[in-house]
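Asks: Sending over run-v1.pdb (PDB, C-alpha atoms and all ligand atoms).
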```
ATOM      1  CA  MET A 181     -34.145  86.464  70.401  1.00  0.00           C
ATOM      2  CA  ILE A 182     -37.384  85.669  72.148  1.00  0.00           C
ATOM      3  CA  ILE A 183     -39.182  82.481  71.192  1.00  0.00           C
ATOM      4  CA  LYS A 184     -42.867  83.343  71.220  1.00  0.00           C
ATOM      5  CA  LYS A 185     -44.202  80.424  69.289  1.00  0.00           C
ATOM      6  CA  ALA A 186     -43.035  76.826  69.066  1.00  0.00           C
ATOM      7  CA  ASP A 187     -44.929  73.854  67.687  1.00  0.00           C
ATOM      8  CA  ILE A 188     -44.111  70.376  66.515  1.00  0.00           C
ATOM      9  CA  GLU A 189     -44.545  70.408  62.769  1.00  0.00           C
ATOM     10  CA  THR A 190     -43.553  66.962  61.512  1.00  0.00           C
ATOM     11  CA  VAL A 191     -42.092  63.699  62.709  1.00  0.00           C
ATOM     12  CA  ALA A 192     -40.097  61.920  60.011  1.00  0.00           C
ATOM     13  CA  VAL A 193     -38.020  58.820  59.412  1.00  0.00           C
ATOM     14  CA  LYS A 194     -37.355  59.460  55.712  1.00  0.00           C
ATOM     15  CA  PRO A 195     -36.964  62.447  53.377  1.00  0.00           C
ATOM     16  CA  SER A 196     -40.407  62.122  51.786  1.00  0.00           C
ATOM     17  CA  GLN A 197     -41.859  62.914  55.221  1.00  0.00           C
ATOM     18  CA  TYR A 198     -39.841  66.086  55.808  1.00  0.00           C
ATOM     19  CA  PRO A 199     -41.725  69.378  55.796  1.00  0.00           C
ATOM     20  CA  GLU A 200     -41.236  71.671  52.820  1.00  0.00           C
ATOM     21  CA  ALA A 201     -37.706  73.086  52.681  1.00  0.00           C
ATOM     22  CA  ASN A 202     -38.856  76.686  52.917  1.00  0.00           C
ATOM     23  CA  VAL A 203     -37.295  78.032  56.145  1.00  0.00           C
ATOM     24  CA  PRO A 204     -33.805  77.725  57.673  1.00  0.00           C
ATOM     25  CA  GLU A 205     -33.199  74.812  60.034  1.00  0.00           C
ATOM     26  CA  ILE A 206     -30.863  74.275  62.971  1.00  0.00           C
ATOM     27  CA  ALA A 207     -30.439  70.688  64.160  1.00  0.00           C
ATOM     28  CA  PHE A 208     -29.383  69.276  67.524  1.00  0.00           C
ATOM     29  CA  ALA A 209     -26.984  66.328  67.432  1.00  0.00           C
ATOM     30  CA  GLY A 210     -25.392  64.374  70.232  1.00  0.00           C
ATOM     31  CA  ARG A 211     -25.164  61.144  72.127  1.00  0.00           C
ATOM     32  CA  SER A 212     -28.369  59.617  73.362  1.00  0.00           C
ATOM     33  CA  ASN A 213     -29.336  61.029  76.764  1.00  0.00           C
ATOM     34  CA  VAL A 214     -27.050  64.078  76.435  1.00  0.00           C
ATOM     35  CA  GLY A 215     -30.032  66.430  76.733  1.00  0.00           C
ATOM     36  CA  LYS A 216     -31.083  67.444  73.198  1.00  0.00           C
ATOM     37  CA  SER A 217     -34.824  67.289  73.791  1.00  0.00           C
ATOM     38  CA  SER A 218     -34.474  68.952  77.206  1.00  0.00           C
ATOM     39  CA  LEU A 219     -32.559  71.809  75.593  1.00  0.00           C
ATOM     40  CA  LEU A 220     -35.316  72.322  73.058  1.00  0.00           C
ATOM     41  CA  ASN A 221     -37.841  72.577  75.897  1.00  0.00           C
ATOM     42  CA  LEU A 222     -35.656  75.084  77.737  1.00  0.00           C
ATOM     43  CA  LEU A 223     -35.159  77.279  74.666  1.00  0.00           C
ATOM     44  CA  THR A 224     -38.860  77.310  73.890  1.00  0.00           C
ATOM     45  CA  ASN A 225     -39.849  77.577  77.548  1.00  0.00           C
ATOM     46  CA  ARG A 226     -42.196  74.629  77.122  1.00  0.00           C
ATOM     47  CA  ARG A 227     -41.765  71.833  79.597  1.00  0.00           C
ATOM     48  CA  ASN A 228     -43.192  69.058  77.458  1.00  0.00           C
ATOM     49  CA  LEU A 229     -42.839  70.162  73.866  1.00  0.00           C
ATOM     50  CA  ALA A 230     -40.224  67.451  73.235  1.00  0.00           C
ATOM     51  CA  ARG A 231     -40.375  64.213  75.188  1.00  0.00           C
ATOM     52  CA  THR A 232     -37.385  63.537  77.409  1.00  0.00           C
ATOM     53  CA  SER A 233     -36.356  60.533  79.443  1.00  0.00           C
ATOM     54  CA  GLY A 234     -33.788  59.321  81.919  1.00  0.00           C
ATOM     55  CA  ASN A 235     -33.396  56.273  79.679  1.00  0.00           C
ATOM     56  CA  PRO A 236     -31.367  56.767  76.529  1.00  0.00           C
ATOM     57  CA  GLY A 237     -32.987  56.235  73.140  1.00  0.00           C
ATOM     58  CA  LYS A 238     -36.084  58.365  73.738  1.00  0.00           C
ATOM     59  CA  THR A 239     -36.136  60.289  70.468  1.00  0.00           C
ATOM     60  CA  ARG A 240     -36.223  57.789  67.608  1.00  0.00           C
ATOM     61  CA  THR A 241     -37.449  59.976  64.786  1.00  0.00           C
ATOM     62  CA  ILE A 242     -36.392  63.281  63.239  1.00  0.00           C
ATOM     63  CA  ASN A 243     -38.640  65.855  64.852  1.00  0.00           C
ATOM     64  CA  PHE A 244     -39.175  69.220  63.199  1.00  0.00           C
ATOM     65  CA  TYR A 245     -40.247  72.113  65.443  1.00  0.00           C
ATOM     66  CA  ARG A 246     -41.450  75.342  63.902  1.00  0.00           C
ATOM     67  CA  ILE A 247     -40.153  78.374  65.821  1.00  0.00           C
ATOM     68  CA  ASN A 248     -41.721  81.870  65.583  1.00  0.00           C
ATOM     69  CA  ASP A 249     -42.916  80.934  62.062  1.00  0.00           C
ATOM     70  CA  GLU A 250     -39.387  81.862  61.074  1.00  0.00           C
ATOM     71  CA  PHE A 251     -37.159  78.820  61.318  1.00  0.00           C
ATOM     72  CA  ARG A 252     -37.084  75.225  62.558  1.00  0.00           C
ATOM     73  CA  ILE A 253     -35.218  73.409  65.266  1.00  0.00           C
ATOM     74  CA  VAL A 254     -34.704  69.777  64.345  1.00  0.00           C
ATOM     75  CA  ASP A 255     -34.317  67.286  67.187  1.00  0.00           C
ATOM     76  CA  LEU A 256     -32.354  64.262  65.982  1.00  0.00           C
ATOM     77  CA  PRO A 257     -32.220  60.806  67.554  1.00  0.00           C
ATOM     78  CA  GLY A 258     -29.152  60.312  69.692  1.00  0.00           C
ATOM     79  CA  TYR A 259     -26.251  58.081  68.719  1.00  0.00           C
ATOM     80  CA  GLY A 260     -24.179  55.765  70.882  1.00  0.00           C
ATOM     81  CA  TYR A 261     -27.117  54.043  72.518  1.00  0.00           C
ATOM     82  CA  ALA A 262     -25.833  50.582  73.379  1.00  0.00           C
ATOM     83  CA  LYS A 263     -29.110  48.764  73.943  1.00  0.00           C
ATOM     84  CA  ILE A 264     -30.234  48.528  70.344  1.00  0.00           C
ATOM     85  CA  SER A 265     -29.280  46.015  67.695  1.00  0.00           C
ATOM     86  CA  ARG A 266     -26.546  46.770  65.200  1.00  0.00           C
ATOM     87  CA  SER A 267     -29.032  46.833  62.318  1.00  0.00           C
ATOM     88  CA  GLN A 268     -31.272  49.261  64.186  1.00  0.00           C
ATOM     89  CA  SER A 269     -28.305  51.459  65.008  1.00  0.00           C
ATOM     90  CA  GLU A 270     -27.216  51.454  61.350  1.00  0.00           C
ATOM     91  CA  GLY A 271     -30.765  52.379  60.391  1.00  0.00           C
ATOM     92  CA  TRP A 272     -30.668  55.391  62.714  1.00  0.00           C
ATOM     93  CA  GLY A 273     -27.248  56.388  61.415  1.00  0.00           C
ATOM     94  CA  GLU A 274     -28.555  56.300  57.878  1.00  0.00           C
ATOM     95  CA  MET A 275     -31.647  58.271  58.840  1.00  0.00           C
ATOM     96  CA  ILE A 276     -29.506  61.010  60.423  1.00  0.00           C
ATOM     97  CA  GLU A 277     -26.990  61.070  57.555  1.00  0.00           C
ATOM     98  CA  MET A 278     -29.730  61.346  54.951  1.00  0.00           C
ATOM     99  CA  TYR A 279     -31.052  64.406  56.721  1.00  0.00           C
ATOM    100  CA  LEU A 280     -27.663  66.032  57.308  1.00  0.00           C
ATOM    101  CA  GLU A 281     -26.402  65.505  53.764  1.00  0.00           C
ATOM    102  CA  GLY A 282     -29.595  66.071  51.849  1.00  0.00           C
ATOM    103  CA  ARG A 283     -31.258  69.057  53.435  1.00  0.00           C
ATOM    104  CA  PRO A 284     -30.680  72.302  51.520  1.00  0.00           C
ATOM    105  CA  THR A 285     -32.187  74.479  54.255  1.00  0.00           C
ATOM    106  CA  LEU A 286     -30.012  73.085  57.055  1.00  0.00           C
ATOM    107  CA  LEU A 287     -27.894  76.010  58.286  1.00  0.00           C
ATOM    108  CA  LYS A 288     -25.875  74.520  61.127  1.00  0.00           C
ATOM    109  CA  VAL A 289     -25.867  71.669  63.574  1.00  0.00           C
ATOM    110  CA  ILE A 290     -25.482  72.302  67.255  1.00  0.00           C
ATOM    111  CA  GLN A 291     -23.361  69.554  68.737  1.00  0.00           C
ATOM    112  CA  LEU A 292     -24.196  68.678  72.338  1.00  0.00           C
ATOM    113  CA  VAL A 293     -21.675  67.031  74.648  1.00  0.00           C
ATOM    114  CA  ASP A 294     -21.926  66.217  78.337  1.00  0.00           C
ATOM    115  CA  ILE A 295     -19.833  68.737  80.275  1.00  0.00           C
ATOM    116  CA  ARG A 296     -18.609  66.063  82.686  1.00  0.00           C
ATOM    117  CA  HIS A 297     -16.883  63.809  80.193  1.00  0.00           C
ATOM    118  CA  ALA A 298     -14.320  64.150  77.448  1.00  0.00           C
ATOM    119  CA  PRO A 299     -16.205  63.811  74.143  1.00  0.00           C
ATOM    120  CA  SER A 300     -16.486  60.156  73.071  1.00  0.00           C
ATOM    121  CA  VAL A 301     -15.027  58.671  69.903  1.00  0.00           C
ATOM    122  CA  GLN A 302     -18.484  58.986  68.355  1.00  0.00           C
ATOM    123  CA  ASP A 303     -18.752  62.638  69.403  1.00  0.00           C
ATOM    124  CA  VAL A 304     -15.431  63.338  67.707  1.00  0.00           C
ATOM    125  CA  GLN A 305     -16.540  61.432  64.591  1.00  0.00           C
ATOM    126  CA  MET A 306     -19.771  63.368  64.507  1.00  0.00           C
ATOM    127  CA  TYR A 307     -18.022  66.696  64.857  1.00  0.00           C
ATOM    128  CA  GLU A 308     -15.525  65.842  62.121  1.00  0.00           C
ATOM    129  CA  TYR A 309     -18.386  64.794  59.896  1.00  0.00           C
ATOM    130  CA  LEU A 310     -20.151  68.119  60.530  1.00  0.00           C
ATOM    131  CA  ARG A 311     -16.943  70.003  59.836  1.00  0.00           C
ATOM    132  CA  HIS A 312     -16.528  68.115  56.564  1.00  0.00           C
ATOM    133  CA  PHE A 313     -19.966  69.292  55.412  1.00  0.00           C
ATOM    134  CA  GLY A 314     -19.519  72.811  56.783  1.00  0.00           C
ATOM    135  CA  LEU A 315     -22.309  72.241  59.310  1.00  0.00           C
ATOM    136  CA  ASP A 316     -20.198  72.669  62.446  1.00  0.00           C
ATOM    137  CA  GLY A 317     -20.719  75.768  64.487  1.00  0.00           C
ATOM    138  CA  ILE A 318     -21.936  75.869  68.013  1.00  0.00           C
ATOM    139  CA  VAL A 319     -20.971  73.324  70.661  1.00  0.00           C
ATOM    140  CA  VAL A 320     -23.142  73.137  73.774  1.00  0.00           C
ATOM    141  CA  ALA A 321     -21.864  71.527  76.973  1.00  0.00           C
ATOM    142  CA  THR A 322     -24.944  70.094  78.682  1.00  0.00           C
ATOM    143  CA  LYS A 323     -25.678  69.342  82.347  1.00  0.00           C
ATOM    144  CA  ALA A 324     -23.499  72.253  83.499  1.00  0.00           C
ATOM    145  CA  ASP A 325     -25.154  72.005  86.937  1.00  0.00           C
ATOM    146  CA  LYS A 326     -23.245  68.760  87.485  1.00  0.00           C
ATOM    147  CA  VAL A 327     -19.838  70.450  87.780  1.00  0.00           C
ATOM    148  CA  SER A 328     -18.632  73.205  90.082  1.00  0.00           C
ATOM    149  CA  THR A 329     -17.792  76.666  88.791  1.00  0.00           C
ATOM    150  CA  ASN A 330     -14.109  75.858  89.331  1.00  0.00           C
ATOM    151  CA  GLU A 331     -14.269  72.680  87.286  1.00  0.00           C
ATOM    152  CA  LYS A 332     -16.252  74.243  84.471  1.00  0.00           C
ATOM    153  CA  GLN A 333     -13.376  75.910  82.612  1.00  0.00           C
ATOM    154  CA  LYS A 334     -11.270  72.795  82.854  1.00  0.00           C
ATOM    155  CA  CYS A 335     -14.087  70.651  81.448  1.00  0.00           C
ATOM    156  CA  ILE A 336     -14.588  73.107  78.601  1.00  0.00           C
ATOM    157  CA  SER A 337     -10.860  73.016  77.752  1.00  0.00           C
ATOM    158  CA  VAL A 338     -10.999  69.214  77.563  1.00  0.00           C
ATOM    159  CA  ILE A 339     -14.030  69.411  75.249  1.00  0.00           C
ATOM    160  CA  LYS A 340     -12.305  71.949  72.996  1.00  0.00           C
ATOM    161  CA  LYS A 341      -9.123  69.955  72.831  1.00  0.00           C
ATOM    162  CA  THR A 342     -10.856  66.639  72.131  1.00  0.00           C
ATOM    163  CA  LEU A 343     -13.053  68.092  69.383  1.00  0.00           C
ATOM    164  CA  GLY A 344     -10.099  69.956  67.872  1.00  0.00           C
ATOM    165  CA  LEU A 345     -11.508  73.432  68.492  1.00  0.00           C
ATOM    166  CA  SER A 346      -9.340  76.513  68.816  1.00  0.00           C
ATOM    167  CA  ALA A 347      -9.152  78.497  72.042  1.00  0.00           C
ATOM    168  CA  GLU A 348     -11.403  81.208  70.539  1.00  0.00           C
ATOM    169  CA  ASP A 349     -14.124  78.772  69.489  1.00  0.00           C
ATOM    170  CA  LYS A 350     -17.192  78.872  71.648  1.00  0.00           C
ATOM    171  CA  VAL A 351     -18.483  76.102  73.846  1.00  0.00           C
ATOM    172  CA  ILE A 352     -21.652  77.204  75.633  1.00  0.00           C
ATOM    173  CA  PRO A 353     -22.352  75.583  79.002  1.00  0.00           C
ATOM    174  CA  VAL A 354     -26.073  75.076  79.555  1.00  0.00           C
ATOM    175  CA  SER A 355     -28.116  73.661  82.397  1.00  0.00           C
ATOM    176  CA  THR A 356     -31.730  72.823  81.749  1.00  0.00           C
ATOM    177  CA  LEU A 357     -32.105  72.110  85.452  1.00  0.00           C
ATOM    178  CA  LYS A 358     -30.894  75.528  86.573  1.00  0.00           C
ATOM    179  CA  LYS A 359     -32.083  77.223  83.385  1.00  0.00           C
ATOM    180  CA  THR A 360     -28.692  78.798  82.662  1.00  0.00           C
ATOM    181  CA  GLY A 361     -26.773  79.419  79.440  1.00  0.00           C
ATOM    182  CA  TYR A 362     -29.775  79.412  77.116  1.00  0.00           C
ATOM    183  CA  ASP A 363     -29.748  83.192  76.636  1.00  0.00           C
ATOM    184  CA  MET A 364     -26.272  82.982  75.101  1.00  0.00           C
ATOM    185  CA  LEU A 365     -27.389  80.146  72.877  1.00  0.00           C
ATOM    186  CA  LEU A 366     -30.463  82.093  71.748  1.00  0.00           C
ATOM    187  CA  ASP A 367     -28.176  85.003  70.766  1.00  0.00           C
ATOM    188  CA  GLU A 368     -26.075  82.635  68.675  1.00  0.00           C
ATOM    189  CA  LEU A 369     -29.188  81.211  67.021  1.00  0.00           C
ATOM    190  CA  GLU A 370     -30.413  84.690  66.216  1.00  0.00           C
ATOM    191  CA  GLN A 371     -27.105  85.548  64.549  1.00  0.00           C
ATOM    192  CA  LEU A 372     -27.233  82.390  62.440  1.00  0.00           C
ATOM    193  CA  ILE A 373     -30.791  83.045  61.288  1.00  0.00           C
ATOM    194  CA  GLU A 374     -30.079  86.705  60.543  1.00  0.00           C
ATOM    195  CA  ALA A 375     -26.946  85.832  58.573  1.00  0.00           C
ATOM    196  CA  SER A 376     -28.903  83.332  56.494  1.00  0.00           C
ATOM    197  CA  ALA A 377     -31.659  85.864  55.837  1.00  0.00           C
ATOM    198  CA  SER A 378     -29.171  88.437  54.530  1.00  0.00           C
ATOM    199  CA  VAL A 379     -27.750  85.852  52.100  1.00  0.00           C
ATOM    200  CA  THR A 380     -31.144  85.030  50.583  1.00  0.00           C
ATOM    201  CA  GLU A 381     -32.428  88.628  50.378  1.00  0.00           C
TER     202      GLU A 381
HETATM  203  P1  LIG B 401     -32.332  60.853  73.255  1.00  0.00           P
HETATM  204  O1  LIG B 401     -33.680  61.332  72.853  1.00  0.00           O
HETATM  205  O2  LIG B 401     -32.300  59.487  73.813  1.00  0.00           O
HETATM  206  O3  LIG B 401     -31.326  61.032  72.151  1.00  0.00           O
HETATM  207  O4  LIG B 401     -31.827  61.780  74.477  1.00  0.00           O
HETATM  208  P2  LIG B 401     -31.768  63.385  74.597  1.00  0.00           P
HETATM  209  O5  LIG B 401     -30.421  63.841  74.161  1.00  0.00           O
HETATM  210  O6  LIG B 401     -32.931  64.004  73.912  1.00  0.00           O
HETATM  211  O7  LIG B 401     -31.842  63.591  76.172  1.00  0.00           O
HETATM  212  P3  LIG B 401     -33.085  64.127  77.067  1.00  0.00           P
HETATM  213  O8  LIG B 401     -33.343  65.561  76.786  1.00  0.00           O
HETATM  214  O9  LIG B 401     -34.208  63.176  76.949  1.00  0.00           O
HETATM  215  O10 LIG B 401     -32.419  64.079  78.528  1.00  0.00           O
HETATM  216  C1  LIG B 401     -31.869  62.905  79.069  1.00  0.00           C
HETATM  217  C2  LIG B 401     -31.814  63.001  80.582  1.00  0.00           C
HETATM  218  O11 LIG B 401     -30.873  64.009  80.992  1.00  0.00           O
HETATM  219  C3  LIG B 401     -33.140  63.373  81.242  1.00  0.00           C
HETATM  220  O12 LIG B 401     -33.281  62.611  82.411  1.00  0.00           O
HETATM  221  C4  LIG B 401     -32.968  64.854  81.548  1.00  0.00           C
HETATM  222  O13 LIG B 401     -33.734  65.270  82.657  1.00  0.00           O
HETATM  223  C5  LIG B 401     -31.487  64.918  81.882  1.00  0.00           C
HETATM  224  N1  LIG B 401     -30.935  66.269  81.630  1.00  0.00           N
HETATM  225  C6  LIG B 401     -31.001  66.960  80.486  1.00  0.00           C
HETATM  226  N2  LIG B 401     -30.398  68.182  80.589  1.00  0.00           N
HETATM  227  C7  LIG B 401     -29.949  68.249  81.883  1.00  0.00           C
HETATM  228  C8  LIG B 401     -29.252  69.265  82.636  1.00  0.00           C
HETATM  229  O14 LIG B 401     -28.917  70.354  82.169  1.00  0.00           O
HETATM  230  N3  LIG B 401     -28.940  68.956  83.937  1.00  0.00           N
HETATM  231  C9  LIG B 401     -29.272  67.765  84.493  1.00  0.00           C
HETATM  232  N4  LIG B 401     -28.896  67.562  85.752  1.00  0.00           N
HETATM  233  N5  LIG B 401     -29.945  66.800  83.827  1.00  0.00           N
HETATM  234  C10 LIG B 401     -30.286  67.040  82.532  1.00  0.00           C
HETATM  235 MG    MG B 402     -34.379  63.257  72.705  1.00  0.00          MG
END
```
What does this structure look like when you write it as structure tokens?
Replies:
Amino acid sequence: MIIKKADIETVAVKPSQYPEANVPEIAFAGRSNVGKSSLLNLLTNRRNLARTSGNPGKTRTINFYRINDEFRIVDLPGYGYAKISRSQSEGWGEMIEMYLEGRPTLLKVIQLVDIRHAPSVQDVQMYEYLRHFGLDGIVVATKADKVSTNEKQKCISVIKKTLGLSAEDKVIPVSTLKKTGYDMLLDELEQLIEASASVTE
């Protein structure tokens, strides 16, 4: 797939602010600072479409991006950001859950994990939650430039094992710095969108 057109459509903190549920959506979930917004910029080839930051907690709203007038990518706030109050963190959790559980057009959630570390307890919880709702699918290992080619397979095995994936399940290593891995991810996205189109035809 080639992304020719990408625009921010809506920024929301509650369901009444979501755009009309009229096209399929793919959401990005993951720990704060894992690289969700950077990945969106890489996929769309737009350096500043989504704001990124070296400090965790940059994205604090649910951001809907319209892609090729065909589907949406939804950038979610990250979890596991220590420097916010418990009530704020619960508020974010609720905001994310409301979207994940109440959105009829949500096809799949792409779970992002940092390639360098075993997935955290919260990553595992998130993935199990997605699995429970049938939203699990693609796992992306971010910051692939931070490990050597030799280490890469080992890191991916640890990720698979910790998230309870089978050997055949895919984990796609991506580097937004080196601009690698996104072509494979775009192919996966295309398959998801096509499969959803054939169901609704
Ligand atoms: P929140 O909005 O806080 O949830 O974070 P996020 O997941 O959207 O992360 P963001 O895209 O803002 O990236 C966080 C930091 O990681 C930034 O400093 C990015 O430059 C850096 N980063 C993202 N992807 C990569 C990558 O592939 N390689 C390297 N080396 N750094 C990356
Ligand atoms: Mg972000």
Asks: With 5 Å on each side, where is the centre of the axis-aligned box around all listed atoms of stretch 207-220 of chain A, and how long are its edges in Å to one decimal, as AutoDock Vina command-line options?
Replies:
```
--center_x -30.2 --center_y 66.0 --center_z 70.7 --size_x 20.2 --size_y 22.7 --size_z 23.0
```
Asks: Which residue, A:Ala209, A:Leu280, A:Cys335, A:Ala347, has the smallest gap to A:Leu256 when you use all atoms listed in the file?
Replies: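 Closest candidate: A:Ala209.
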Asks: Return as a JSON list (two decimals) with C-alpha atoms, in the coordinates of the input every polymer residue, whether protein, DNA or RNA, with at least one atom no more than 8 Å from an atom of ligand LIG 401 (chain B); count only C-alpha atoms and all ligand atoms.
Replies:
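Once written, result02.json looks like this:
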```
[["chain", "number", "residue", "atom", "x", "y", "z"],
["A", 209, "ALA", "CA", -26.98, 66.33, 67.43],
["A", 210, "GLY", "CA", -25.39, 64.37, 70.23],
["A", 211, "ARG", "CA", -25.16, 61.14, 72.13],
["A", 212, "SER", "CA", -28.37, 59.62, 73.36],
["A", 213, "ASN", "CA", -29.34, 61.03, 76.76],
["A", 214, "VAL", "CA", -27.05, 64.08, 76.44],
["A", 215, "GLY", "CA", -30.03, 66.43, 76.73],
["A", 216, "LYS", "CA", -31.08, 67.44, 73.20],
["A", 217, "SER", "CA", -34.82, 67.29, 73.79],
["A", 218, "SER", "CA", -34.47, 68.95, 77.21],
["A", 219, "LEU", "CA", -32.56, 71.81, 75.59],
["A", 220, "LEU", "CA", -35.32, 72.32, 73.06],
["A", 230, "ALA", "CA", -40.22, 67.45, 73.24],
["A", 231, "ARG", "CA", -40.38, 64.21, 75.19],
["A", 232, "THR", "CA", -37.38, 63.54, 77.41],
["A", 233, "SER", "CA", -36.36, 60.53, 79.44],
["A", 234, "GLY", "CA", -33.79, 59.32, 81.92],
["A", 235, "ASN", "CA", -33.40, 56.27, 79.68],
["A", 236, "PRO", "CA", -31.37, 56.77, 76.53],
["A", 237, "GLY", "CA", -32.99, 56.24, 73.14],
["A", 238, "LYS", "CA", -36.08, 58.36, 73.74],
["A", 239, "THR", "CA", -36.14, 60.29, 70.47],
["A", 240, "ARG", "CA", -36.22, 57.79, 67.61],
["A", 255, "ASP", "CA", -34.32, 67.29, 67.19],
["A", 256, "LEU", "CA", -32.35, 64.26, 65.98],
["A", 257, "PRO", "CA", -32.22, 60.81, 67.55],
["A", 258, "GLY", "CA", -29.15, 60.31, 69.69],
["A", 259, "TYR", "CA", -26.25, 58.08, 68.72],
["A", 261, "TYR", "CA", -27.12, 54.04, 72.52],
["A", 322, "THR", "CA", -24.94, 70.09, 78.68],
["A", 323, "LYS", "CA", -25.68, 69.34, 82.35],
["A", 324, "ALA", "CA", -23.50, 72.25, 83.50],
["A", 325, "ASP", "CA", -25.15, 72.00, 86.94],
["A", 326, "LYS", "CA", -23.24, 68.76, 87.48],
["A", 354, "VAL", "CA", -26.07, 75.08, 79.56],
["A", 355, "SER", "CA", -28.12, 73.66, 82.40],
["A", 356, "THR", "CA", -31.73, 72.82, 81.75],
["A", 357, "LEU", "CA", -32.10, 72.11, 85.45],
["A", 358, "LYS", "CA", -30.89, 75.53, 86.57],
["A", 359, "LYS", "CA", -32.08, 77.22, 83.38]]
```
Asks: Set the distance at 10 Å and use all atoms listed in the file: which residues neighbour A:Leu343 once local chain neighbours fewer than 5 positions away are removed? I'd like the list as JSON, numbers by chain.
Replies: {"A": [298, 299, 300, 301, 303, 304, 305, 306, 307, 308, 319, 337, 338]}
Asks: Apply the PyMOL selection byres (((chain A and resi 250) around 12) and not hetatm) to the file shown and report the selected residues as a ChimeraX atom specification.
Replies: /A:181-187,202-206,245-249,251-253,369-370,373-374,376-377
Asks: Figure out the distance between atom CA of A:Gly260 and atom CA of A:Glu281, please, to one decimal in Å.
Replies: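 If I compute the distance from atom CA of A:Glu281 to atom CA of A:Gly260, I get 19.8 Å.
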Asks: Using only C-alpha atoms and all ligand atoms for the distances, tell me which of A:Phe208, A:Trp272, A:Tyr198, A:Tyr309 is nearest to ligand MG 402 (chain B).
Replies: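 Nearest to ligand MG 402 (chain B): A:Phe208.
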Asks: Restricting the calculation to all atoms listed in the file, which member of A:Glu274, A:Asp294, A:Glu331, A:Glu368 is positioned closest to A:Ile318?
Replies: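 Between A:Glu274, A:Asp294, A:Glu331, A:Glu368, the residue approaching A:Ile318 most closely is A:Glu368.
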Asks: So, with only C-alpha atoms as the atoms that count, which of A:Pro199, A:Gly314, A:Gln302, A:Ile295 lies closest to A:Ile336?
Replies: A:Ile295
Asks: Compare A:Thr241, A:Thr190, A:Gln291, A:Ser328 by their minimum atom-to-atom distance to ligand MG 402 (chain B), counting all atoms listed in the file, and give me the closest one.
Replies: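 Closest residue, counting all atoms listed in the file: A:Thr241.
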Asks: Using all atoms listed in the file, which residue out of A:Leu229, A:Asp367, A:Thr329, A:Leu286 lies closest to ligand MG 402 (chain B)?
Replies: A:Leu229
Asks: List the spatial neighbours of A:Val254 as a list of chain:residue names - criterion: any atom at most 6 Å away, only C-alpha atoms, same-chain residues fewer than 5 positions off excluded.
Replies: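 Close residues of A:Val254: A:Ala207, A:Asn243, A:Phe244.
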Asks: What's the separation between atom CA of A:Arg311 and atom CA of A:Met278, in Å to one decimal place?
Replies: 16.2 Å
Asks: Give me, please, the distance in Å between atom CA of A:Gly271 and atom CA of A:Leu310, quoted to one decimal.
Replies: 19.0 Å
Asks: Generate N, CA and C atoms for stretch 333-344 of chain A and emit them as a PDB file, keeping the file's coordinate frame.
Replies:
```
ATOM      1  N   GLN A 333     -14.330  75.505  83.658  1.00  0.00           N
ATOM      2  CA  GLN A 333     -13.376  75.910  82.612  1.00  0.00           C
ATOM      3  C   GLN A 333     -12.499  74.751  82.178  1.00  0.00           C
ATOM      4  N   LYS A 334     -12.120  73.942  83.163  1.00  0.00           N
ATOM      5  CA  LYS A 334     -11.270  72.795  82.854  1.00  0.00           C
ATOM      6  C   LYS A 334     -12.024  71.817  81.934  1.00  0.00           C
ATOM      7  N   CYS A 335     -13.272  71.554  82.272  1.00  0.00           N
ATOM      8  CA  CYS A 335     -14.087  70.651  81.448  1.00  0.00           C
ATOM      9  C   CYS A 335     -14.214  71.197  80.024  1.00  0.00           C
ATOM     10  N   ILE A 336     -14.418  72.509  79.929  1.00  0.00           N
ATOM     11  CA  ILE A 336     -14.588  73.107  78.601  1.00  0.00           C
ATOM     12  C   ILE A 336     -13.292  73.003  77.792  1.00  0.00           C
ATOM     13  N   SER A 337     -12.153  73.169  78.460  1.00  0.00           N
ATOM     14  CA  SER A 337     -10.860  73.016  77.752  1.00  0.00           C
ATOM     15  C   SER A 337     -10.707  71.607  77.206  1.00  0.00           C
ATOM     16  N   VAL A 338     -11.103  70.613  78.012  1.00  0.00           N
ATOM     17  CA  VAL A 338     -10.999  69.214  77.563  1.00  0.00           C
ATOM     18  C   VAL A 338     -11.895  69.000  76.332  1.00  0.00           C
ATOM     19  N   ILE A 339     -13.098  69.551  76.376  1.00  0.00           N
ATOM     20  CA  ILE A 339     -14.030  69.411  75.249  1.00  0.00           C
ATOM     21  C   ILE A 339     -13.425  70.044  73.991  1.00  0.00           C
ATOM     22  N   LYS A 340     -12.890  71.249  74.152  1.00  0.00           N
ATOM     23  CA  LYS A 340     -12.305  71.949  72.996  1.00  0.00           C
ATOM     24  C   LYS A 340     -11.151  71.161  72.404  1.00  0.00           C
ATOM     25  N   LYS A 341     -10.299  70.682  73.291  1.00  0.00           N
ATOM     26  CA  LYS A 341      -9.123  69.955  72.831  1.00  0.00           C
ATOM     27  C   LYS A 341      -9.535  68.669  72.107  1.00  0.00           C
ATOM     28  N   THR A 342     -10.467  67.932  72.711  1.00  0.00           N
ATOM     29  CA  THR A 342     -10.856  66.639  72.131  1.00  0.00           C
ATOM     30  C   THR A 342     -11.567  66.811  70.788  1.00  0.00           C
ATOM     31  N   LEU A 343     -12.344  67.879  70.658  1.00  0.00           N
ATOM     32  CA  LEU A 343     -13.053  68.092  69.383  1.00  0.00           C
ATOM     33  C   LEU A 343     -12.192  68.841  68.368  1.00  0.00           C
ATOM     34  N   GLY A 344     -10.994  69.237  68.792  1.00  0.00           N
ATOM     35  CA  GLY A 344     -10.099  69.956  67.872  1.00  0.00           C
ATOM     36  C   GLY A 344     -10.516  71.391  67.622  1.00  0.00           C
TER      37      GLY A 344
END
```
